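Q: Sending over structure.tsv (TSV, C-alpha atoms).
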chain	number	residue	atom	x	y	z
J	11	MET	CA	91.52	102.39	121.09
J	12	ILE	CA	91.47	105.90	119.58
J	13	LYS	CA	93.74	104.81	116.71
J	14	GLN	CA	91.49	101.88	115.73
J	15	ASN	CA	88.34	103.98	116.08
J	16	VAL	CA	89.56	106.77	113.80
J	17	ALA	CA	90.83	104.30	111.19
J	18	SER	CA	87.49	102.47	111.28
J	19	ILE	CA	85.49	105.69	110.95
J	20	LEU	CA	87.69	106.85	108.06
J	21	ASN	CA	87.35	103.48	106.33
J	22	ASP	CA	83.55	103.56	106.55
J	23	GLU	CA	83.23	107.15	105.38
J	24	LEU	CA	85.44	106.49	102.36
J	25	LEU	CA	84.04	103.15	101.25
J	26	LYS	CA	80.35	103.64	102.03
J	27	GLN	CA	79.89	106.63	99.76
J	28	PRO	CA	77.06	106.04	97.23
J	29	PHE	CA	79.15	105.73	94.07
J	30	SER	CA	77.57	106.24	90.67
J	31	ILE	CA	78.21	104.38	87.40
J	32	ASP	CA	80.55	106.26	85.04
J	33	LYS	CA	81.05	105.03	81.46
J	34	VAL	CA	84.50	106.64	81.19
J	35	GLU	CA	85.66	105.28	84.55
J	36	SER	CA	88.26	102.86	83.11
J	37	ALA	CA	89.87	105.62	81.02
J	38	ILE	CA	90.11	107.94	84.02
J	39	LEU	CA	91.57	105.17	86.18
J	40	SER	CA	94.15	104.34	83.51
J	41	GLU	CA	95.16	108.01	83.28
J	42	TYR	CA	95.82	108.28	87.00
J	43	GLN	CA	97.62	104.95	87.09
J	44	GLN	CA	100.07	106.44	84.62
J	45	ILE	CA	100.39	109.58	86.75
J	46	ALA	CA	101.11	107.51	89.87
J	47	TYR	CA	103.69	105.47	87.95
J	48	GLY	CA	105.29	108.72	86.77
J	49	TYR	CA	105.67	110.00	90.33
J	50	SER	CA	107.40	106.78	91.35
J	51	LYS	CA	109.85	107.10	88.46
J	52	ILE	CA	110.57	110.84	88.62
J	53	GLU	CA	110.65	111.28	92.40
J	54	ASN	CA	111.72	107.76	93.46
J	55	SER	CA	108.62	107.80	95.63
J	56	ILE	CA	106.23	105.09	96.68
J	57	ALA	CA	103.02	106.07	94.87
J	58	VAL	CA	99.72	104.53	96.01
J	59	LEU	CA	96.60	105.11	93.92
J	60	SER	CA	93.53	104.00	95.90
J	61	ASP	CA	90.23	103.26	94.18
J	62	LEU	CA	87.59	103.86	96.86
J	63	LYS	CA	84.78	102.49	94.70
J	64	SER	CA	86.33	99.05	94.15
J	65	ASP	CA	88.37	99.01	97.42
J	66	LYS	CA	91.66	98.43	95.56
J	67	SER	CA	95.09	100.07	95.57
J	68	TYR	CA	97.66	100.28	92.80
J	69	ILE	CA	101.17	100.60	94.25
J	70	TYR	CA	104.18	101.80	92.23
J	71	ASN	CA	107.58	101.57	93.90
J	72	GLY	CA	110.45	103.97	93.36
J	73	GLY	CA	113.80	103.85	95.11
J	74	PHE	CA	112.29	104.84	98.47
J	75	ALA	CA	110.56	101.44	98.62
J	76	GLU	CA	113.97	99.74	98.72
J	77	ILE	CA	115.13	102.10	101.50
J	78	LEU	CA	112.15	100.99	103.58
J	79	GLY	CA	112.59	97.37	102.57
J	80	VAL	CA	108.99	96.96	101.37
J	81	ALA	CA	109.61	96.28	97.67
J	82	GLU	CA	112.15	96.45	94.86
J	83	LYS	CA	112.61	99.63	92.87
J	84	ASN	CA	110.46	99.83	89.70
J	85	SER	CA	108.11	97.10	90.92
J	86	SER	CA	104.35	97.42	91.22
J	87	LYS	CA	101.39	95.50	92.59
J	88	ILE	CA	97.63	95.63	93.10
J	89	ILE	CA	96.04	94.92	96.48
J	90	ASP	CA	92.38	94.35	97.34
J	91	SER	CA	92.22	97.12	99.92
J	92	ILE	CA	92.60	100.89	100.21
J	93	TRP	CA	94.83	100.25	103.24
J	94	GLU	CA	98.44	99.60	102.26
J	95	GLU	CA	99.32	97.65	105.42
J	96	ASP	CA	102.92	96.83	104.37
J	97	ILE	CA	103.59	100.58	104.23
J	98	PHE	CA	101.52	101.41	107.32
J	99	SER	CA	103.53	98.88	109.35
J	100	ARG	CA	106.63	101.04	108.74
J	101	ILE	CA	105.02	104.24	110.08
J	102	HIS	CA	105.54	105.13	113.73
J	103	PRO	CA	102.25	104.26	115.53
J	104	ASP	CA	101.75	107.84	116.78
J	105	ASP	CA	102.31	109.23	113.28
J	106	LEU	CA	99.93	106.68	111.77
J	107	ALA	CA	97.17	107.79	114.15
J	108	LYS	CA	97.84	111.44	113.26
J	109	LYS	CA	97.80	110.54	109.56
J	110	HIS	CA	94.33	109.00	109.83
J	111	LEU	CA	92.97	111.96	111.78
J	112	LEU	CA	94.37	114.42	109.25
J	113	GLU	CA	92.90	112.44	106.35
J	114	LEU	CA	89.51	112.35	108.06
J	115	GLN	CA	89.64	116.14	108.44
J	116	PHE	CA	90.71	116.45	104.79
J	117	PHE	CA	87.83	114.24	103.61
J	118	HIS	CA	85.29	116.37	105.49
J	119	LEU	CA	86.84	119.59	104.16
J	120	LEU	CA	86.69	118.47	100.53
J	121	LYS	CA	83.01	117.58	100.88
J	122	THR	CA	82.38	121.33	101.31
J	123	ILE	CA	84.39	122.32	98.22
J	124	PRO	CA	83.09	122.31	94.60
J	125	VAL	CA	84.05	119.12	92.74
J	126	ASP	CA	86.12	120.92	90.10
J	127	GLU	CA	88.31	122.56	92.78
J	128	ARG	CA	89.05	119.51	94.92
J	129	SER	CA	92.15	118.39	93.03
J	130	ASP	CA	93.77	121.74	93.92
J	131	TYR	CA	94.06	120.61	97.54
J	132	GLN	CA	96.60	118.28	99.04
J	133	ILE	CA	97.97	117.14	102.38
J	134	VAL	CA	101.67	117.63	103.10
J	135	SER	CA	103.00	116.14	106.32
J	136	LYS	CA	106.08	114.68	107.90
J	137	MET	CA	106.30	111.34	109.69
J	138	GLN	CA	108.78	108.77	110.92
J	139	MET	CA	109.06	105.47	109.04
J	140	LYS	CA	111.30	102.45	109.65
J	141	ASP	CA	113.90	101.68	107.02
J	142	GLN	CA	115.01	98.13	106.24
J	143	SER	CA	117.42	98.17	109.20
J	144	GLY	CA	114.64	99.12	111.63
J	145	LYS	CA	115.82	102.72	112.06
J	146	TYR	CA	113.24	105.52	111.89
J	147	ILE	CA	113.86	108.03	109.11
J	148	SER	CA	112.10	111.31	108.33
J	149	THR	CA	109.53	110.87	105.57
J	150	GLN	CA	107.36	113.29	103.63
J	151	HIS	CA	103.80	112.18	102.93
J	152	ARG	CA	101.49	113.85	100.41
J	153	MET	CA	97.91	112.99	99.60
J	154	PHE	CA	95.52	114.16	96.87
J	155	TYR	CA	91.99	113.21	95.91
J	156	VAL	CA	92.58	113.25	92.20
J	157	SER	CA	89.13	112.33	90.93
J	158	SER	CA	85.51	112.52	92.04
J	159	CYS	CA	82.42	110.75	90.70
J	160	PRO	CA	79.74	112.76	88.87
J	161	SER	CA	77.63	112.43	92.02
J	162	GLY	CA	80.29	114.43	93.89
J	163	ASN	CA	81.68	111.57	95.97
J	164	LEU	CA	85.45	111.17	96.27
J	165	TRP	CA	86.75	108.29	94.16
J	166	LEU	CA	90.52	108.15	93.53
J	167	ALA	CA	93.15	109.07	96.13
J	168	LEU	CA	96.88	109.35	95.50
J	169	CYS	CA	99.43	109.01	98.33
J	170	LEU	CA	103.15	109.69	97.88
J	171	TYR	CA	105.95	108.72	100.27
J	172	ASN	CA	109.44	110.26	99.91
J	173	TYR	CA	112.45	111.25	101.95
J	174	SER	CA	111.78	114.41	103.97
J	175	TYR	CA	114.85	116.57	103.48
J	176	GLU	CA	115.88	118.63	106.49
J	177	HIS	CA	116.76	122.24	105.74
J	178	PRO	CA	118.67	124.51	108.16
J	179	ASP	CA	116.47	127.55	107.43
J	180	TYR	CA	112.98	126.12	107.71
J	181	GLU	CA	111.02	123.13	108.96
J	182	VAL	CA	108.28	121.26	107.11
J	183	SER	CA	104.98	121.36	108.97
J	184	ASN	CA	103.85	118.20	110.71
J	185	GLY	CA	100.61	118.45	108.79
J	186	THR	CA	99.17	121.05	106.44
J	187	ILE	CA	96.38	121.12	103.86
J	188	ILE	CA	97.52	123.21	100.89
J	189	ASN	CA	95.65	124.73	97.96
J	190	SER	CA	98.28	124.42	95.23
J	191	ALA	CA	96.39	126.85	92.96
J	192	THR	CA	96.36	129.74	95.45
J	193	GLY	CA	99.12	128.90	97.94
J	194	ASN	CA	96.65	129.12	100.84
J	195	THR	CA	97.21	126.69	103.70
J	196	ILE	CA	95.04	125.19	106.40
J	197	GLU	CA	97.04	124.06	109.40
J	198	ALA	CA	96.01	120.61	110.54
J	199	ASP	CA	93.83	120.27	113.60
J	200	ARG	CA	94.19	116.53	113.90
J	201	ASN	CA	91.70	116.35	116.72
J	202	ASN	CA	89.00	118.07	114.66
J	203	CYS	CA	86.54	115.29	113.86
J	204	ASP	CA	83.64	117.55	114.73
J	205	ASN	CA	81.27	116.28	112.05
J	206	ILE	CA	81.28	112.67	113.23
J	207	LEU	CA	78.47	113.27	115.75
J	208	SER	CA	75.41	115.46	115.28
J	209	SER	CA	74.75	118.41	117.60
J	210	ARG	CA	72.07	116.42	119.41
J	211	GLU	CA	74.34	113.40	119.82
J	212	LYS	CA	77.07	115.60	121.33
J	213	GLU	CA	74.51	117.16	123.66
J	214	ILE	CA	73.35	113.75	124.83
J	215	LEU	CA	76.89	112.39	125.17
J	216	LEU	CA	77.85	115.38	127.31
J	217	LEU	CA	74.92	114.66	129.64
J	218	ILE	CA	75.93	110.98	129.75
J	219	GLU	CA	79.46	112.06	130.66
J	220	LYS	CA	77.95	114.02	133.57
J	221	GLY	CA	76.27	110.85	134.84
J	222	ARG	CA	72.73	111.54	133.67
J	223	MET	CA	70.46	108.56	132.95
J	224	SER	CA	68.37	108.22	129.79
J	225	LYS	CA	65.15	109.15	131.62
J	226	ASP	CA	66.75	112.33	133.01
J	227	ILE	CA	68.19	113.23	129.59
J	228	ALA	CA	64.78	112.80	127.97
J	229	THR	CA	63.22	115.15	130.52
J	230	ALA	CA	66.01	117.72	130.23
J	231	LEU	CA	65.82	117.82	126.42
J	232	SER	CA	62.03	117.39	126.15
J	233	ILE	CA	62.31	114.29	123.97
J	234	SER	CA	61.15	110.70	124.46
J	235	ILE	CA	63.30	108.10	126.17
J	236	ASN	CA	63.15	106.04	122.96
J	237	THR	CA	64.71	108.95	121.07
J	238	VAL	CA	67.45	109.20	123.69
J	239	ASN	CA	68.19	105.48	123.45
J	240	ARG	CA	68.29	105.66	119.64
J	241	HIS	CA	70.82	108.51	119.84
J	242	ARG	CA	72.87	106.54	122.37
J	243	GLN	CA	73.03	103.56	120.00
J	244	ASN	CA	74.02	105.80	117.09
J	245	ILE	CA	76.83	107.29	119.19
J	246	LEU	CA	78.23	103.84	119.99
J	247	GLU	CA	78.11	102.82	116.33
J	248	LYS	CA	79.72	106.01	115.04
J	249	LEU	CA	82.56	105.96	117.58
J	250	ARG	CA	83.04	102.17	117.23
J	251	VAL	CA	82.77	101.53	120.98
J	252	LYS	CA	80.82	99.05	123.11
J	253	ASN	CA	79.53	101.23	125.93
J	254	SER	CA	78.92	104.81	127.03
J	255	LEU	CA	82.06	104.93	129.19
J	256	GLU	CA	84.25	104.20	126.16
J	257	ALA	CA	82.21	106.65	124.08
J	258	CYS	CA	82.90	109.48	126.53
J	259	ARG	CA	86.62	108.66	126.66
J	260	VAL	CA	86.99	108.50	122.87
J	261	ALA	CA	84.94	111.69	122.40
J	262	LYS	CA	87.25	113.56	124.80
J	263	LEU	CA	90.35	112.33	122.97
J	264	MET	CA	88.84	113.47	119.66
J	265	LYS	CA	87.76	116.77	121.27
J	266	LEU	CA	84.12	116.34	120.27
J	267	PHE	CA	83.11	118.27	123.40
Go ahead and render the structure in this file as structure tokens.

A:
Amino acid sequence: MIKQNVASILNDELLKQPFSIDKVESAILSEYQQIAYGYSKIENSIAVLSDLKSDKSYIYNGGFAEILGVAEKNSSKIIDSIWEEDIFSRIHPDDLAKKHLLELQFFHLLKTIPVDERSDYQIVSKMQMKDQSGKYISTQHRMFYVSSCPSGNLWLALCLYNYSYEHPDYEVSNGTIINSATGNTIEADRNNCDNILSSREKEILLLIEKGRMSKDIATALSISINTVNRHRQNILEKLRVKNSLEACRVAKLMKLF
């Protein structure tokens, strides 16, 4: 349940941004398509450029695509989704859940950073992916938000998949956000989805978890029962669950309280 909830929350936050109209949009998109293609050629990576405004992805396949058995080298395709399911199906389920949590944290972080500095940041992580024989191999994943709209919303995302080379003297982090301009790093807290619920919603959910009824919560917080019920409904919608019991369980897993 937690995996589907996080993926659903991430999908909504990415696609439901209020995008603006940009007259030079096609030129910018073409520029980054060429950059993604270049990564696939130079690094033999799978390069996925996702257009969050149109909900499309442009996929360019280097030699690593043949290793995984998802496509031929030097091929490309366009899909009507920002979710590259053929690639996701190769990622170990636990690593895929961690990937979505890290990307949700990254999205929230970039919203606090000036637009002209956002492209300095990237995710670098390691995951297990199945090759064409069904064997899991160590893979490096990198992600950048390469372009924002004038309104400040995140528009184009670039994901790269390559071999993760093991080195005897050091180990690549399982998930780090890096500022490539300064070298500063932010270690991933994949359970940090703190901004999903408001402070009041967390307060109410904690009381629900303790077995308090809506009437009791309203009295304790000095608000109307209608306000409590509205918050309860918002909590269910944000966490993509059907009832308060599931909401409490998912909130604990995501460490919201």

Q: So that I can see what lies close to Met153 of chain J, please list as number ranges by chain the residues with an atom at most 12 Å from it, counting all atoms listed in the file and leaving out residues fewer than 2 positions away in the same chain.

A: J: 46, 56-60, 109-110, 112-114, 116-117, 128-136, 150-151, 155-156, 166-172, 185-188

Q: For Pro28 of chain J, which residue out of J:Pro103, J:Lys83, J:Met223, J:Leu62 is the nearest one, using only C-alpha atoms?

A: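 Nearest to Pro28 of chain J: J:Leu62.
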
Q: For a cutoff of 7 Å around the file-coordinate point (102.9, 111.9, 111.8), which residues qualify once you count only C-alpha atoms? I'd like the result as a list in words.

A: Asp104, Asp105, Leu106, Lys108, Lys109, Ser135, Lys136, Met137, Gln138 and Asn184 of chain J

Q: Can you work out which one of J:Ser254, J:His241, J:Asn189, J:Lys66 has the shortest atom-to-atom distance to Glu213 of chain J, counting all atoms listed in the file?

A: J:His241

Q: Name all residues at most 12 Å from Val251 of chain J (count all atoms listed in the file; drop same-chain ones fewer than 2 positions away) and give them as a VMD selection string.

A: chain J and resid 11 to 12 14 to 16 18 to 19 242 to 249 253 to 261
